[in-house]
$ cat entry_19.txt   # compact mmCIF, C-alpha atoms
# COMPACT_ATOMS: atom_id res chain seq x y z
CA MET A 1 0.00 0.00 0.00
CA SER A 2 1.15 3.53 -0.77
CA GLU A 3 2.54 5.63 2.06
CA PHE A 4 -0.24 8.11 1.36
CA PHE A 5 -3.68 6.51 1.43
CA LEU A 6 -7.17 7.91 2.04
CA PRO A 7 -9.67 5.18 3.00
CA PHE A 8 -13.33 5.46 1.99
CA PRO A 9 -15.83 5.52 4.88
CA GLU A 10 -16.88 2.05 3.72
CA PRO A 11 -15.76 -0.19 0.82
CA LEU A 12 -17.29 0.67 -2.54
CA ARG A 13 -19.74 -1.75 -4.14
CA GLU A 14 -19.01 -3.23 -7.55
CA GLY A 15 -21.62 -3.13 -10.29
CA VAL A 16 -22.01 -2.92 -14.06
CA ILE A 17 -22.95 0.24 -15.97
CA LEU A 18 -26.12 -0.26 -17.99
CA ALA A 19 -26.55 3.23 -19.45
CA ARG A 20 -25.63 6.90 -19.08
CA PRO A 21 -28.90 8.72 -19.89
CA ASN A 22 -27.20 12.08 -19.42
CA ARG A 23 -23.89 13.32 -18.08
CA PHE A 24 -25.13 13.42 -14.47
CA ILE A 25 -26.75 9.97 -14.36
CA MET A 26 -25.65 6.35 -14.73
CA ASP A 27 -27.93 3.34 -14.44
CA VAL A 28 -26.09 0.50 -12.69
CA ASP A 29 -26.73 -3.19 -12.04
CA LEU A 30 -25.54 -3.92 -8.50
CA GLY A 31 -26.70 -7.53 -8.65
CA ASP A 32 -29.84 -6.90 -6.59
CA GLY A 33 -32.30 -7.55 -9.40
CA GLU A 34 -33.34 -4.00 -10.26
CA PRO A 35 -31.16 -1.35 -11.94
CA VAL A 36 -30.21 1.54 -9.67
CA ARG A 37 -30.00 5.15 -10.85
CA CYS A 38 -26.72 6.69 -9.62
CA HIS A 39 -25.17 10.13 -9.70
CA CYS A 40 -22.26 10.65 -12.09
CA SER A 41 -19.82 13.38 -11.05
CA ALA A 42 -17.98 13.54 -14.38
CA VAL A 43 -19.27 16.66 -16.13
CA SER A 44 -17.85 15.79 -19.56
CA ARG A 45 -17.48 12.83 -21.83
CA ILE A 46 -15.31 10.10 -20.35
CA GLY A 47 -12.62 9.26 -22.86
CA GLY A 48 -15.11 9.34 -25.72
CA LEU A 49 -16.11 5.82 -24.65
CA ASP A 50 -19.43 4.02 -24.48
CA LEU A 51 -19.29 2.68 -20.92
CA THR A 52 -22.27 0.35 -21.26
CA GLY A 53 -21.25 -3.04 -19.84
CA ARG A 54 -18.20 -1.70 -17.98
CA PRO A 55 -17.70 -2.65 -14.34
CA CYS A 56 -17.94 0.25 -11.88
CA LEU A 57 -17.50 1.11 -8.21
CA VAL A 58 -20.33 2.83 -6.37
CA SER A 59 -20.39 4.76 -3.08
CA ASP A 60 -23.40 5.26 -0.84
CA SER A 61 -23.92 8.64 0.84
CA HIS A 62 -26.58 7.13 3.14
CA ASN A 63 -28.36 10.46 2.74
CA PRO A 64 -32.11 9.87 2.22
CA LYS A 65 -32.56 13.54 1.26
CA ARG A 66 -30.48 13.08 -1.89
CA LYS A 67 -32.42 12.24 -5.02
CA MET A 68 -29.64 9.78 -5.95
CA PRO A 69 -27.82 8.66 -2.78
CA LEU A 70 -25.42 6.46 -4.80
CA THR A 71 -22.48 7.84 -6.82
CA VAL A 72 -20.37 6.10 -9.45
CA GLU A 73 -16.78 6.66 -8.30
CA ALA A 74 -14.83 4.66 -10.89
CA TYR A 75 -15.11 2.29 -13.82
CA SER A 76 -12.89 -0.40 -15.31
CA LEU A 77 -11.86 -1.20 -18.86
CA ALA A 78 -11.86 -4.88 -17.87
CA ARG A 79 -14.77 -7.23 -18.49
CA PRO A 80 -17.15 -7.81 -15.56
CA GLY A 81 -15.77 -11.30 -14.87
CA ASP A 82 -12.10 -10.35 -15.07
CA GLU A 83 -9.97 -10.35 -11.92
CA PRO A 84 -8.17 -8.36 -10.77
CA LYS A 85 -9.57 -5.13 -12.17
CA ALA A 86 -7.80 -1.80 -12.54
CA TRP A 87 -10.10 1.13 -11.78
CA ILE A 88 -10.33 4.60 -13.35
CA GLY A 89 -11.64 7.27 -10.99
CA ILE A 90 -14.21 9.70 -12.42
CA ASN A 91 -15.49 11.66 -9.40
CA GLN A 92 -14.27 15.13 -10.36
CA ASN A 93 -16.17 16.65 -7.42
CA ALA A 94 -14.10 14.61 -4.96
CA SER A 95 -10.72 15.52 -6.43
CA ASN A 96 -10.25 18.67 -4.34
CA ARG A 97 -11.15 16.75 -1.20
CA TYR A 98 -8.51 14.14 -1.97
CA VAL A 99 -5.88 16.78 -2.78
CA GLU A 100 -6.60 18.70 0.42
CA HIS A 101 -6.17 15.54 2.48
CA PHE A 102 -2.84 14.70 0.84
CA LEU A 103 -1.66 18.32 1.08
CA ARG A 104 -2.21 18.26 4.83
CA GLU A 105 -0.45 14.87 5.04
CA GLY A 106 2.63 16.33 3.35
CA ALA A 107 2.26 14.11 0.30
CA PHE A 108 2.87 16.97 -2.15
CA LYS A 109 6.04 18.28 -0.54
CA ALA A 110 7.76 18.17 -3.95
CA ILE A 111 5.42 21.00 -4.93
CA THR A 112 4.77 22.75 -1.65
CA GLY A 113 7.67 22.06 0.68
CA PRO A 114 6.58 21.87 4.35
CA VAL A 115 2.89 22.80 4.62
CA THR A 116 1.80 25.19 7.36
CA THR A 117 -1.50 26.55 6.00
CA VAL A 118 -4.02 25.41 3.37
CA ARG A 119 -6.88 27.67 2.29
CA ARG A 120 -9.69 26.57 -0.03
CA GLU A 121 -11.60 28.51 -2.71
CA VAL A 122 -9.36 31.58 -2.72
CA PRO A 123 -10.45 34.62 -4.81
CA LEU A 124 -8.08 35.59 -7.60
CA GLY A 125 -9.03 37.99 -10.37
CA GLY A 126 -12.48 36.98 -11.58
CA SER A 127 -12.19 33.42 -10.30
CA ARG A 128 -11.94 31.37 -7.16
CA LEU A 129 -8.92 29.10 -7.30
CA ASP A 130 -8.77 25.82 -5.45
CA PHE A 131 -5.98 26.33 -2.91
CA LEU A 132 -3.59 28.87 -1.44
CA VAL A 133 -0.80 26.98 0.33
CA ASN A 134 1.51 28.68 2.85
CA ASP A 135 0.16 32.05 1.63
CA ASP A 136 2.61 32.03 -1.30
CA LEU A 137 1.52 29.19 -3.64
CA TYR A 138 -1.69 29.28 -5.65
CA LEU A 139 -2.61 25.71 -6.61
CA GLU A 140 -5.36 24.91 -9.11
CA VAL A 141 -6.57 21.30 -9.45
CA LYS A 142 -7.72 19.78 -12.74
CA THR A 143 -9.12 16.28 -13.31
CA PRO A 144 -9.11 15.70 -17.08
CA LEU A 145 -11.44 12.98 -18.38
CA VAL A 146 -12.21 13.97 -21.97
CA GLN A 147 -9.39 11.72 -23.13
CA MET A 148 -8.39 8.45 -21.50
CA GLN A 149 -4.65 8.51 -22.02
CA THR A 150 -4.14 4.79 -21.65
CA ALA A 151 -4.58 1.65 -23.77
CA ILE A 152 -8.24 1.05 -24.66
CA PRO A 153 -9.20 -2.60 -25.30
CA ALA A 154 -10.74 -3.30 -28.71
CA TYR A 155 -13.97 -4.60 -27.12
CA VAL A 156 -14.73 -1.19 -25.54
CA PRO A 157 -16.86 0.78 -28.04
CA ARG A 158 -16.23 4.46 -28.74
CA LEU A 159 -18.81 7.18 -29.07
CA PRO A 160 -19.00 9.29 -32.24
CA GLU A 161 -16.47 12.11 -32.23
CA ALA A 162 -17.80 15.43 -30.97
CA PRO A 163 -16.08 18.82 -31.01
CA PHE A 164 -14.62 19.90 -27.69
CA ASN A 165 -13.90 23.56 -27.13
CA SER A 166 -14.85 24.10 -23.49
CA THR A 167 -11.53 25.60 -22.48
CA GLU A 168 -12.44 29.19 -21.60
CA ARG A 169 -12.45 28.56 -17.83
CA ALA A 170 -9.14 26.69 -17.92
CA LEU A 171 -7.49 29.43 -19.97
CA ARG A 172 -8.78 32.12 -17.61
CA HIS A 173 -7.31 30.23 -14.65
CA LEU A 174 -3.97 29.92 -16.42
CA ARG A 175 -3.82 33.66 -17.14
CA GLU A 176 -4.84 34.58 -13.60
CA LEU A 177 -2.25 32.22 -12.15
CA ALA A 178 0.41 33.87 -14.30
CA ALA A 179 -0.76 37.32 -13.17
CA SER A 180 -0.66 36.20 -9.51
CA LEU A 181 3.11 35.81 -9.74
CA GLU A 182 3.40 39.59 -9.49
CA THR A 183 2.36 39.34 -5.82
CA HIS A 184 3.00 35.68 -4.96
CA GLU A 185 6.11 33.60 -5.21
CA ARG A 186 4.61 30.62 -7.03
CA ALA A 187 1.59 29.38 -8.98
CA ALA A 188 0.91 25.83 -10.14
CA ILE A 189 -1.66 23.62 -11.82
CA LEU A 190 -1.96 20.03 -10.60
CA TYR A 191 -3.42 17.55 -13.10
CA CYS A 192 -4.90 14.61 -11.18
CA LEU A 193 -5.23 11.31 -13.01
CA TYR A 194 -6.95 8.40 -11.30
CA TYR A 195 -5.58 5.57 -13.44
CA ASP A 196 -2.34 4.28 -14.97
CA ASN A 197 -1.53 6.60 -17.86
CA PHE A 198 1.35 7.46 -20.14
CA GLY A 199 1.71 11.10 -19.05
CA PHE A 200 -0.89 13.82 -19.39
CA ARG A 201 -1.12 15.72 -22.66
CA PHE A 202 -3.76 18.34 -23.37
CA TYR A 203 -6.67 17.19 -25.52
CA HIS A 204 -6.12 18.06 -29.19
CA GLY A 205 -9.52 19.69 -29.64
CA THR A 206 -10.71 22.63 -31.66
CA THR A 207 -8.96 25.19 -29.42
CA TYR A 208 -5.67 23.30 -29.08
CA ASP A 209 -3.50 25.98 -30.74
CA GLU A 210 -4.93 28.72 -28.50
CA VAL A 211 -4.47 26.58 -25.39
CA LEU A 212 -0.92 25.64 -26.30
CA ALA A 213 0.01 29.28 -26.88
CA THR A 214 -1.53 30.27 -23.53
CA VAL A 215 0.23 27.43 -21.70
CA ASP A 216 3.58 28.36 -23.23
CA ALA A 217 3.14 32.01 -22.26
CA CYS A 218 2.10 31.13 -18.72
CA ARG A 219 4.95 28.68 -18.26
CA ALA A 220 7.34 31.37 -19.46
CA ALA A 221 5.83 33.63 -16.77
CA GLY A 222 6.57 30.98 -14.15
CA VAL A 223 3.38 28.91 -13.81
CA GLU A 224 4.32 25.31 -12.93
CA LEU A 225 2.53 22.25 -14.33
CA TRP A 226 2.46 19.11 -12.18
CA GLN A 227 0.87 15.68 -12.49
CA ALA A 228 -0.35 13.47 -9.66
CA ASP A 229 -1.12 9.79 -10.29
CA PHE A 230 -3.64 8.13 -7.99
CA GLU A 231 -4.92 4.58 -7.65
CA VAL A 232 -8.58 3.94 -6.84
CA THR A 233 -9.60 0.67 -5.17
CA PRO A 234 -12.81 -0.38 -3.41
CA GLN A 235 -11.05 0.48 -0.13
CA GLY A 236 -9.79 4.00 -0.89
CA VAL A 237 -7.53 6.31 -2.90
CA ALA A 238 -3.73 6.12 -2.89
CA LEU A 239 -1.29 8.74 -4.16
CA LYS A 240 1.27 6.82 -6.22
CA ARG A 241 3.52 9.60 -7.51
CA CYS A 242 3.75 13.32 -8.22
CA TYR A 243 6.08 14.97 -10.73
CA GLU A 244 6.51 18.16 -12.72
CA LEU A 245 5.42 18.05 -16.36
CA GLU A 246 8.30 18.93 -18.63
CA GLU A 247 6.44 18.38 -21.90
CA TRP A 248 2.94 19.28 -23.03
$ encode --input "entry_19.txt" --output "structure tokens"
Amino acid sequence: MSEFFLPFPEPLREGVILARPNRFIMDVDLGDGEPVRCHCSAVSRIGGLDLTGRPCLVSDSHNPKRKMPLTVEAYSLARPGDEPKAWIGINQNASNRYVEHFLREGAFKAITGPVTTVRREVPLGGSRLDFLVNDDLYLEVKTPLVQMQTAIPAYVPRLPEAPFNSTERALRHLRELAASLETHERAAILYCLYYDNFGFRFYHGTTYDEVLATVDACRAAGVELWQADFEVTPQGVALKRCYELEEW
């Protein structure tokens, strides 16, 4: 087990995805006879894949006031009967919670050095950025899912290609991070990937040239790009490694 591990309140249940009626909903077979409607916290496409028939891990909030108390936390590219399974985390809403935990545990010392203070949702320009660490490091967390940057088995179907140009928010954060360096010592973006991957590269969508130019300008201004690799299991989330991105 990794030195840095965050256990779930209870082990996740395994099921099979039956459908994704919209981006916020997945219908799941948990083996109880009737399909269960679950919340999906991934706000975008997931690797351009049709996840019907893919195994998944589901958490239970035990909150009767929620319309959908269950949440799909991860899926697998394996077949339902395969063992063991490698899981791909998709709960983008939980990413900041995981990062905050590991920040306070000192797991990101390569980025932060010794941590004395961690503030959440810090105003900067026209945005609220995810963290201000030690009052001198702005840290923005991204959990990219539009591309699955790993080997996709031939039996996993793909969805028809669709244009992707939803980058305005990310570009604004990059520019504001670069501008923050006038008053703060450091600014960084942390790309969190919850599966084995071959190194994050930005999605080559319709705004790729604009994004690349903005990234290059912001890196020249001193914005740091880091990647954190996590492993999701039914028991919890482990931080496997963290390193600075030298290529884009």
$ closest_residue --input "entry_19.txt" --among "A:Ala213, A:Ile17, A:Ile88, A:Val28" --to "A:Val232" --atoms "all atoms listed in the file"
A:Ile88
$ residues_around --input "entry_19.txt" --residues "A:Glu176" --least-positions-apart "5" --cutoff "9 Å" --atoms "only C-alpha atoms" --output "PyMOL selection string"
chain A and resi 124-127+171+181
$ atom_distance --input "entry_19.txt" --atom1 "atom CA of A:His39" --atom2 "atom CA of A:Ile90"
11.3 Å
$ closest_residue --input "entry_19.txt" --among "A:Ala238, A:Val16, A:Leu51, A:Val99" --to "A:Gly81" --atoms "only C-alpha atoms"
A:Val16
$ residues_around --input "entry_19.txt" --residues "A:Leu190" --least-positions-apart "4" --cutoff "9 Å" --atoms "only C-alpha atoms" --output "number ranges by chain"
A: 139-143, 224-228, 244
$ write_last_selection --input "entry_19.txt" --atoms "C-alpha atoms" --output "PDB file, in the coordinates of the input"
ATOM      1  CA  LEU A 139      -2.610  25.710  -6.610  1.00  0.00           C
ATOM      2  CA  GLU A 140      -5.360  24.910  -9.110  1.00  0.00           C
ATOM      3  CA  VAL A 141      -6.570  21.300  -9.450  1.00  0.00           C
ATOM      4  CA  LYS A 142      -7.720  19.780 -12.740  1.00  0.00           C
ATOM      5  CA  THR A 143      -9.120  16.280 -13.310  1.00  0.00           C
ATOM      6  CA  GLU A 224       4.320  25.310 -12.930  1.00  0.00           C
ATOM      7  CA  LEU A 225       2.530  22.250 -14.330  1.00  0.00           C
ATOM      8  CA  TRP A 226       2.460  19.110 -12.180  1.00  0.00           C
ATOM      9  CA  GLN A 227       0.870  15.680 -12.490  1.00  0.00           C
ATOM     10  CA  ALA A 228      -0.350  13.470  -9.660  1.00  0.00           C
ATOM     11  CA  GLU A 244       6.510  18.160 -12.720  1.00  0.00           C
TER      12      GLU A 244
END
$ residues_around --input "entry_19.txt" --residues "A:Asn91" --least-positions-apart "6" --cutoff "6 Å" --atoms "all atoms listed in the file" --output "PyMOL selection string"
chain A and resi 41-42+73
$ write_last_selection --input "entry_19.txt" --atoms "C-alpha atoms" --output "PDB file, keeping the file's coordinate frame"
ATOM      1  CA  SER A  41     -19.820  13.380 -11.050  1.00  0.00           C
ATOM      2  CA  ALA A  42     -17.980  13.540 -14.380  1.00  0.00           C
ATOM      3  CA  GLU A  73     -16.780   6.660  -8.300  1.00  0.00           C
TER       4      GLU A  73
END
$ atom_distance --input "entry_19.txt" --atom1 "atom CA of A:His101" --atom2 "atom CA of A:Leu6"
7.7 Å
$ closest_residue --input "entry_19.txt" --among "A:Arg13, A:Arg37, A:Arg54, A:Arg97" --to "A:Pro69" --atoms "only C-alpha atoms"
A:Arg37
$ atom_distance --input "entry_19.txt" --atom1 "atom CA of A:Ala221" --atom2 "atom CA of A:Ala179"
8.4 Å
$ closest_residue --input "entry_19.txt" --among "A:Val146, A:Tyr195, A:Val223, A:Phe8" --to "A:Tyr98" --atoms "only C-alpha atoms"
A:Phe8
$ closest_residue --input "entry_19.txt" --among "A:Phe131, A:Trp87, A:Asp27, A:Arg66" --to "A:Gln235" --atoms "only C-alpha atoms"
A:Trp87
$ axis_aligned_box --input "entry_19.txt" --around "stretch 137-155 of chain A" --padding-each-side "4 Å" --output "JSON"
{"center_x": -6.2, "center_y": 12.3, "center_z": -16.2, "size_x": 23.5, "size_y": 41.9, "size_z": 33.1}
$ closest_residue --input "entry_19.txt" --among "A:Glu100, A:Pro153, A:Thr233, A:His62" --to "A:Ala78" --atoms "all atoms listed in the file"
A:Pro153
$ residues_around --input "entry_19.txt" --residues "A:Lys85" --least-positions-apart "5" --cutoff "9 Å" --atoms "all atoms listed in the file" --output "PyMOL selection string"
chain A and resi 55+76-80
$ write_last_selection --input "entry_19.txt" --atoms "C-alpha atoms" --output "mmCIF file, in the coordinates of the input"
data_model
loop_
_atom_site.group_PDB
_atom_site.id
_atom_site.type_symbol
_atom_site.label_atom_id
_atom_site.label_comp_id
_atom_site.auth_asym_id
_atom_site.auth_seq_id
_atom_site.Cartn_x
_atom_site.Cartn_y
_atom_site.Cartn_z
ATOM 1 C CA PRO A 55 -17.700 -2.650 -14.340
ATOM 2 C CA SER A 76 -12.890 -0.400 -15.310
ATOM 3 C CA LEU A 77 -11.860 -1.200 -18.860
ATOM 4 C CA ALA A 78 -11.860 -4.880 -17.870
ATOM 5 C CA ARG A 79 -14.770 -7.230 -18.490
ATOM 6 C CA PRO A 80 -17.150 -7.810 -15.560
#
$ residues_around --input "entry_19.txt" --residues "A:Leu177" --least-positions-apart "4" --cutoff "8 Å" --atoms "all atoms listed in the file" --output "MDAnalysis selection string"
chainID A and resid 138 173 181 187:188 218 223
$ residues_near_point --input "entry_19.txt" --point "(-27.4, 11.9, -15.6)" --cutoff "12 Å" --atoms "only C-alpha atoms" --output "NGL selection string"
:A and (19-28 or 37-45 or 67-68 or 71-72)
$ build_atoms --input "entry_19.txt" --residues "stretch 113-140 of chain A" --atoms "N, CA and C atoms" --output "PDB file, in the coordinates of the input"
ATOM      1  N   GLY A 113       6.788  22.012  -0.471  1.00  0.00           N
ATOM      2  CA  GLY A 113       7.670  22.060   0.680  1.00  0.00           C
ATOM      3  C   GLY A 113       6.838  21.786   1.932  1.00  0.00           C
ATOM      4  N   PRO A 114       7.357  22.056   3.133  1.00  0.00           N
ATOM      5  CA  PRO A 114       6.580  21.870   4.350  1.00  0.00           C
ATOM      6  C   PRO A 114       5.305  22.721   4.331  1.00  0.00           C
ATOM      7  N   VAL A 115       4.171  22.107   4.669  1.00  0.00           N
ATOM      8  CA  VAL A 115       2.890  22.800   4.620  1.00  0.00           C
ATOM      9  C   VAL A 115       2.520  23.304   6.018  1.00  0.00           C
ATOM     10  N   THR A 116       2.256  24.601   6.100  1.00  0.00           N
ATOM     11  CA  THR A 116       1.800  25.190   7.360  1.00  0.00           C
ATOM     12  C   THR A 116       0.349  25.616   7.294  1.00  0.00           C
ATOM     13  N   THR A 117      -0.097  26.134   6.143  1.00  0.00           N
ATOM     14  CA  THR A 117      -1.500  26.550   6.000  1.00  0.00           C
ATOM     15  C   THR A 117      -2.018  26.122   4.636  1.00  0.00           C
ATOM     16  N   VAL A 118      -3.312  25.751   4.612  1.00  0.00           N
ATOM     17  CA  VAL A 118      -4.020  25.410   3.370  1.00  0.00           C
ATOM     18  C   VAL A 118      -5.362  26.116   3.392  1.00  0.00           C
ATOM     19  N   ARG A 119      -5.591  26.980   2.419  1.00  0.00           N
ATOM     20  CA  ARG A 119      -6.880  27.670   2.290  1.00  0.00           C
ATOM     21  C   ARG A 119      -7.562  27.212   1.021  1.00  0.00           C
ATOM     22  N   ARG A 120      -8.900  27.033   1.109  1.00  0.00           N
ATOM     23  CA  ARG A 120      -9.690  26.570  -0.030  1.00  0.00           C
ATOM     24  C   ARG A 120     -10.447  27.730  -0.664  1.00  0.00           C
ATOM     25  N   GLU A 121     -10.730  27.582  -1.980  1.00  0.00           N
ATOM     26  CA  GLU A 121     -11.600  28.510  -2.710  1.00  0.00           C
ATOM     27  C   GLU A 121     -11.156  29.964  -2.501  1.00  0.00           C
ATOM     28  N   VAL A 122      -9.957  30.268  -2.953  1.00  0.00           N
ATOM     29  CA  VAL A 122      -9.360  31.580  -2.720  1.00  0.00           C
ATOM     30  C   VAL A 122      -9.637  32.500  -3.920  1.00  0.00           C
ATOM     31  N   PRO A 123     -10.188  33.701  -3.696  1.00  0.00           N
ATOM     32  CA  PRO A 123     -10.450  34.620  -4.810  1.00  0.00           C
ATOM     33  C   PRO A 123      -9.155  35.053  -5.489  1.00  0.00           C
ATOM     34  N   LEU A 124      -9.207  35.091  -6.815  1.00  0.00           N
ATOM     35  CA  LEU A 124      -8.080  35.590  -7.600  1.00  0.00           C
ATOM     36  C   LEU A 124      -8.633  36.110  -8.909  1.00  0.00           C
ATOM     37  N   GLY A 125      -8.465  37.398  -9.162  1.00  0.00           N
ATOM     38  CA  GLY A 125      -9.030  37.990 -10.370  1.00  0.00           C
ATOM     39  C   GLY A 125     -10.531  37.795 -10.384  1.00  0.00           C
ATOM     40  N   GLY A 126     -11.052  37.251 -11.481  1.00  0.00           N
ATOM     41  CA  GLY A 126     -12.480  36.980 -11.580  1.00  0.00           C
ATOM     42  C   GLY A 126     -12.847  35.560 -11.230  1.00  0.00           C
ATOM     43  N   SER A 127     -11.959  34.833 -10.595  1.00  0.00           N
ATOM     44  CA  SER A 127     -12.190  33.420 -10.300  1.00  0.00           C
ATOM     45  C   SER A 127     -11.974  33.126  -8.824  1.00  0.00           C
ATOM     46  N   ARG A 128     -12.321  31.905  -8.465  1.00  0.00           N
ATOM     47  CA  ARG A 128     -11.940  31.370  -7.160  1.00  0.00           C
ATOM     48  C   ARG A 128     -11.089  30.140  -7.447  1.00  0.00           C
ATOM     49  N   LEU A 129      -9.833  30.203  -7.053  1.00  0.00           N
ATOM     50  CA  LEU A 129      -8.920  29.100  -7.300  1.00  0.00           C
ATOM     51  C   LEU A 129      -8.955  28.113  -6.129  1.00  0.00           C
ATOM     52  N   ASP A 130      -8.512  26.916  -6.387  1.00  0.00           N
ATOM     53  CA  ASP A 130      -8.770  25.820  -5.450  1.00  0.00           C
ATOM     54  C   ASP A 130      -8.046  25.971  -4.121  1.00  0.00           C
ATOM     55  N   PHE A 131      -6.742  26.301  -4.149  1.00  0.00           N
ATOM     56  CA  PHE A 131      -5.980  26.330  -2.910  1.00  0.00           C
ATOM     57  C   PHE A 131      -4.975  27.480  -2.905  1.00  0.00           C
ATOM     58  N   LEU A 132      -4.744  28.015  -1.714  1.00  0.00           N
ATOM     59  CA  LEU A 132      -3.590  28.870  -1.440  1.00  0.00           C
ATOM     60  C   LEU A 132      -2.822  28.192  -0.316  1.00  0.00           C
ATOM     61  N   VAL A 133      -1.603  27.752  -0.615  1.00  0.00           N
ATOM     62  CA  VAL A 133      -0.800  26.980   0.330  1.00  0.00           C
ATOM     63  C   VAL A 133       0.327  27.861   0.861  1.00  0.00           C
ATOM     64  N   ASN A 134       0.444  27.901   2.190  1.00  0.00           N
ATOM     65  CA  ASN A 134       1.510  28.680   2.850  1.00  0.00           C
ATOM     66  C   ASN A 134       1.494  30.147   2.458  1.00  0.00           C
ATOM     67  N   ASP A 135       0.347  30.633   1.990  1.00  0.00           N
ATOM     68  CA  ASP A 135       0.160  32.050   1.630  1.00  0.00           C
ATOM     69  C   ASP A 135       1.063  32.511   0.490  1.00  0.00           C
ATOM     70  N   ASP A 136       1.757  31.563  -0.193  1.00  0.00           N
ATOM     71  CA  ASP A 136       2.610  32.030  -1.300  1.00  0.00           C
ATOM     72  C   ASP A 136       2.526  31.136  -2.533  1.00  0.00           C
ATOM     73  N   LEU A 137       1.671  30.097  -2.497  1.00  0.00           N
ATOM     74  CA  LEU A 137       1.520  29.190  -3.640  1.00  0.00           C
ATOM     75  C   LEU A 137       0.046  29.030  -3.979  1.00  0.00           C
ATOM     76  N   TYR A 138      -0.363  29.582  -5.125  1.00  0.00           N
ATOM     77  CA  TYR A 138      -1.690  29.280  -5.650  1.00  0.00           C
ATOM     78  C   TYR A 138      -1.622  27.936  -6.355  1.00  0.00           C
ATOM     79  N   LEU A 139      -2.580  27.051  -6.024  1.00  0.00           N
ATOM     80  CA  LEU A 139      -2.610  25.710  -6.610  1.00  0.00           C
ATOM     81  C   LEU A 139      -4.003  25.438  -7.144  1.00  0.00           C
ATOM     82  N   GLU A 140      -4.099  25.215  -8.451  1.00  0.00           N
ATOM     83  CA  GLU A 140      -5.360  24.910  -9.110  1.00  0.00           C
ATOM     84  C   GLU A 140      -5.355  23.431  -9.504  1.00  0.00           C
TER      85      GLU A 140
END
